[in-house]
Amino acid sequence: CELNLKILILLLSKPFEKAWELEKIIGIPTMVANSLAVGLCFYIVRDVFQEQQKVQAQSAQQAIRLIQQTTELLHEGLNAKTALKIANILRTETKAAAVAITDNEKVLGFVGAGADHHTANSPILTQATKQAIHSRNTLIFNSKAEIGCPDPLCPLTSVIEAPLIVDGQVQGILILYKANDEVITSYEAEIIQGVADFFGLLLDRHSLGEQKMMRAQAEYNMLKAQVNPHFLFNTLGTIRALVRTSPEQARARIKDLSDFLRRSLEHGKEMTRLAEELEIVRSYIRLEQSRFGERIRVKEEIPDSVLECYLPVFSLQPIVENAIKHGLSSKRDGGTLVIRIYESGDFLHMEVEDDGAGIPFARLREIRQFDGSSAREAAGAGIGLNNVHKRIQVRFGPQYGIQIESR
C-alpha cells in the first residue's frame, strides 16, 4: 500500500523533479515505518485473541470444578440446606460479591455482601429476580437501579440472573452479584448460564428418579489435561438450547456428556475392552451430532468378534475427535466418518476414515514425526495423537502405533 502511494505521488505531483527528490529522502523510511506499524497492529490483535482463548480455557475449567463440587449436593434436591452450600461454593470459585439461589417465591440461600437484608427464607426483594422468573431468560443488569433492591444501602451494583429450568418450568434462579460498579463479563455469563442449565437438568433427573448424573471425580489437573475447553463450551451451549426446545434430547445429551466425562476422568486403568472404548466414542459422536446435525454422518464396520479385544484406554476416541474437528466440521456440508475395525491374524486393525478437508502435505509430515507438540496440537484433544501413539508402542512394541494418510 505504501509503495502504491509513492507511485501515485510521483505520477500526480508537479513538478515531478521535486516530488522525486522528496521521495528519495522519505520513501524507504516511511515504507519501513508503516510496515512495522502494521506488523505491530497484527501482533497486538493476535495477542488479544490468545488472551481470550486463555480466559476461555480457564472459564471452562472453572465451570467443571463448580459442577464437580455441586453435583452430589443436587442429588438431594434443591432446598435451603443445599442452596446455602452451593452458594458458598459458587462464591468461593467465582470471587463474586454475593451469590444467591431462589425458588419462585423466596430466597433459599444467600452469601456475601447484602446478606443483612437478602436473608434465607425471606421473600424475593429485587425486581431483577422477579423479571427473570417471569421471562424465563438469563438476564444481566449492571446498575443498582436495574437490580431494583428496595434497600437504598444495598452494596450490589451488577447481577446475572440465570433461571433453573426443570421439566420446562422455572423452578428457581441462580444469581451472581458484583459490587463497586464491577460489570458482569461475557465469560462469567457463560459459566453461570452453563452451570444453571446443568443444575436444571440434575434437578429434573432427581425429580424423575432417574439414574445419577455425571460426577467428576478426578483432580483439577487431570480434568485440564483431558477435557478440551472449546468442546465443553460448545456442548454446554447446545444443551442449553435443547433445555428449552427439547428437554428429552437435552437429558439424553447430558447423559452422553456425563458418561464421556466420567470415563475420560478415570485414572489408574491402563487397558479396556474395545466394547467399552466404543461407548466413549459413540457418546462423543452423539454430542457432536447434536451440534452439527446431519453434517456428521457415521458408519461402523465392526464385527462382534473383536468387541472383547483389549486396547489402551482412551485411545480410539481422540482419533475420532481429530477426524471430526479437523476433517468434517470445517466443511459446509460436513461428511462421513467410517470406523472400521478387524482382525488380521493375531493383530487388531482400527481405521478411522473421513472424507473431510484433508491434511496439507507439509502439515502431514509434521504430524507423522510424533514429536509431541505438533501431534498434540493437531489432535485437538486433551490426550492427543502423540500420547496414543506412544502408549501403544510402550505396551506392544515400536512396530505398532498410529499411521496417518491423507489425500
# chains A, B, ... in the order shown; residues from 1 in each chain; ligands from 1
call {"tool": "residues_around", "arguments": {"residues": "stretch 235-239 of chain A", "least_positions_apart": "4", "cutoff": "8 Å", "atoms": "only C-alpha atoms", "output": "count of residues only"}}
result
11
call {"tool": "select_by_dssp", "arguments": {"residues": "stretch 63-206 of chain A", "states": "strand (DSSP E)", "output": "PyMOL selection string"}}
result
chain A and resi 98-102+107-112+139-141+156-166+169-179
call {"tool": "write_last_selection", "arguments": {"atoms": "N, CA and C atoms", "output": "short mmCIF file (atom, residue, chain, number, x, y, z; two decimals), in the first residue's frame"}}
result
data_model
loop_
_atom_site.label_atom_id
_atom_site.label_comp_id
_atom_site.auth_asym_id
_atom_site.auth_seq_id
_atom_site.Cartn_x
_atom_site.Cartn_y
_atom_site.Cartn_z
N ALA A 98 -21.50 -11.55 45.92
CA ALA A 98 -22.55 -12.34 46.57
C ALA A 98 -23.11 -13.34 45.57
N VAL A 99 -23.64 -14.44 46.11
CA VAL A 99 -24.31 -15.46 45.30
C VAL A 99 -25.60 -15.85 46.00
N ALA A 100 -26.66 -16.02 45.23
CA ALA A 100 -27.94 -16.39 45.80
C ALA A 100 -28.61 -17.46 44.93
N ILE A 101 -29.43 -18.27 45.58
CA ILE A 101 -30.28 -19.23 44.88
C ILE A 101 -31.68 -19.07 45.44
N THR A 102 -32.66 -18.97 44.56
CA THR A 102 -34.05 -18.78 44.99
C THR A 102 -34.93 -19.85 44.37
N VAL A 107 -35.99 -16.56 48.86
CA VAL A 107 -34.56 -16.82 48.80
C VAL A 107 -34.26 -18.10 49.56
N LEU A 108 -33.62 -19.06 48.89
CA LEU A 108 -33.26 -20.32 49.56
C LEU A 108 -31.90 -20.22 50.23
N GLY A 109 -30.96 -19.54 49.57
CA GLY A 109 -29.63 -19.38 50.14
C GLY A 109 -28.98 -18.11 49.61
N PHE A 110 -28.29 -17.39 50.47
CA PHE A 110 -27.62 -16.14 50.08
C PHE A 110 -26.35 -16.01 50.91
N VAL A 111 -25.22 -15.74 50.22
CA VAL A 111 -23.96 -15.49 50.92
C VAL A 111 -23.27 -14.29 50.28
N GLY A 112 -22.62 -13.47 51.11
CA GLY A 112 -21.87 -12.34 50.59
C GLY A 112 -22.46 -11.01 50.98
N LEU A 139 -30.80 -12.97 32.50
CA LEU A 139 -30.75 -11.52 32.41
C LEU A 139 -29.49 -10.99 33.08
N ILE A 140 -28.93 -9.91 32.52
CA ILE A 140 -27.76 -9.26 33.09
C ILE A 140 -28.07 -7.79 33.29
N PHE A 141 -27.83 -7.28 34.49
CA PHE A 141 -28.04 -5.87 34.79
C PHE A 141 -26.76 -5.31 35.42
N LEU A 156 -24.82 -3.97 46.22
CA LEU A 156 -24.72 -4.74 44.98
C LEU A 156 -25.04 -3.85 43.78
N THR A 157 -24.18 -3.90 42.77
CA THR A 157 -24.31 -2.97 41.64
C THR A 157 -24.50 -3.66 40.28
N SER A 158 -24.25 -4.94 40.19
CA SER A 158 -24.49 -5.66 38.93
C SER A 158 -24.87 -7.10 39.26
N VAL A 159 -25.56 -7.76 38.30
CA VAL A 159 -26.07 -9.10 38.58
C VAL A 159 -26.30 -9.86 37.28
N ILE A 160 -26.13 -11.19 37.36
CA ILE A 160 -26.62 -12.08 36.31
C ILE A 160 -27.62 -13.03 36.95
N GLU A 161 -28.79 -13.14 36.35
CA GLU A 161 -29.88 -13.96 36.86
C GLU A 161 -30.12 -15.08 35.86
N ALA A 162 -29.82 -16.35 36.25
CA ALA A 162 -29.95 -17.48 35.35
C ALA A 162 -31.03 -18.43 35.87
N PRO A 163 -32.13 -18.61 35.13
CA PRO A 163 -33.21 -19.49 35.59
C PRO A 163 -32.78 -20.95 35.65
N LEU A 164 -33.33 -21.67 36.61
CA LEU A 164 -33.18 -23.13 36.72
C LEU A 164 -34.43 -23.75 36.10
N ILE A 165 -34.28 -24.32 34.91
CA ILE A 165 -35.40 -24.88 34.17
C ILE A 165 -35.51 -26.36 34.48
N VAL A 166 -36.64 -26.78 35.05
CA VAL A 166 -36.88 -28.18 35.38
C VAL A 166 -38.17 -28.61 34.70
N GLN A 169 -40.19 -25.86 33.17
CA GLN A 169 -40.71 -24.81 34.05
C GLN A 169 -39.58 -24.20 34.88
N VAL A 170 -39.71 -22.90 35.18
CA VAL A 170 -38.73 -22.24 36.05
C VAL A 170 -38.97 -22.68 37.49
N GLN A 171 -37.94 -23.29 38.10
CA GLN A 171 -38.05 -23.73 39.49
C GLN A 171 -37.25 -22.85 40.44
N GLY A 172 -36.53 -21.89 39.90
CA GLY A 172 -35.74 -21.00 40.74
C GLY A 172 -34.75 -20.23 39.89
N ILE A 173 -33.91 -19.44 40.56
CA ILE A 173 -32.94 -18.59 39.87
C ILE A 173 -31.58 -18.74 40.55
N LEU A 174 -30.54 -18.90 39.73
CA LEU A 174 -29.17 -18.86 40.21
C LEU A 174 -28.65 -17.45 39.95
N ILE A 175 -28.16 -16.78 41.00
CA ILE A 175 -27.84 -15.35 40.91
C ILE A 175 -26.40 -15.10 41.34
N LEU A 176 -25.67 -14.33 40.55
CA LEU A 176 -24.32 -13.90 40.91
C LEU A 176 -24.29 -12.38 40.91
N TYR A 177 -23.87 -11.79 42.03
CA TYR A 177 -23.82 -10.34 42.18
C TYR A 177 -22.38 -9.85 42.20
N LYS A 178 -22.19 -8.60 41.76
CA LYS A 178 -20.93 -7.89 41.93
C LYS A 178 -21.20 -6.54 42.60
N ALA A 179 -20.16 -5.99 43.19
CA ALA A 179 -20.28 -4.70 43.88
C ALA A 179 -19.23 -3.74 43.31
#
call {"tool": "atom_distance", "arguments": {"atom1": "atom CA of A:Ala33", "atom2": "atom CA of A:Lys6"}}
result
14.0 Å
call {"tool": "atom_distance", "arguments": {"atom1": "atom CA of A:Leu125", "atom2": "atom CA of A:Thr185"}}
result
24.1 Å
call {"tool": "atom_distance", "arguments": {"atom1": "atom CA of A:Ala83", "atom2": "atom CA of A:Leu153"}}
result
25.1 Å
call {"tool": "closest_residue", "arguments": {"among": "A:Asn142, A:Asn322, A:Asn180, A:Ser305", "to": "A:Tyr342", "atoms": "only C-alpha atoms"}}
result
A:Ser305
call {"tool": "residues_around", "arguments": {"residues": "A:Leu5", "least_positions_apart": "2", "cutoff": "12 Å", "atoms": "only C-alpha atoms", "output": "list of chain:residue names"}}
result
A:Cys1, A:Glu2, A:Leu3, A:Ile7, A:Leu8, A:Ile9, A:Leu10, A:Leu11, A:Leu12, A:Ser13, A:Glu23, A:Gly27, A:Thr30, A:Met31, A:Asn34
call {"tool": "residues_around", "arguments": {"residues": "A:Leu311", "least_positions_apart": "6", "cutoff": "9 Å", "atoms": "only C-alpha atoms", "output": "list in words"}}
result
Glu270, Met271, Thr272, Arg273, Leu274, Glu277 and Ile392 of chain A
call {"tool": "closest_residue", "arguments": {"among": "A:Ser135, A:Thr71, A:Cys309, A:Lys331", "to": "A:Gly200", "atoms": "only C-alpha atoms"}}
result
A:Thr71
call {"tool": "select_by_dssp", "arguments": {"residues": "stretch 108-157 of chain A", "states": "alpha helix (DSSP H)", "output": "list in words"}}
result
Gln127, Ala128, Thr129, Lys130, Gln131, Ala132, Ile133, His134, Ser135, Lys144, Ala145, Glu146 and Ile147 of chain A
call {"tool": "residues_around", "arguments": {"residues": "A:Ile124", "least_positions_apart": "3", "cutoff": "9 Å", "atoms": "only C-alpha atoms", "output": "VMD selection string"}}
result
chain A and resid 102 to 107 118 121 127 129 to 130
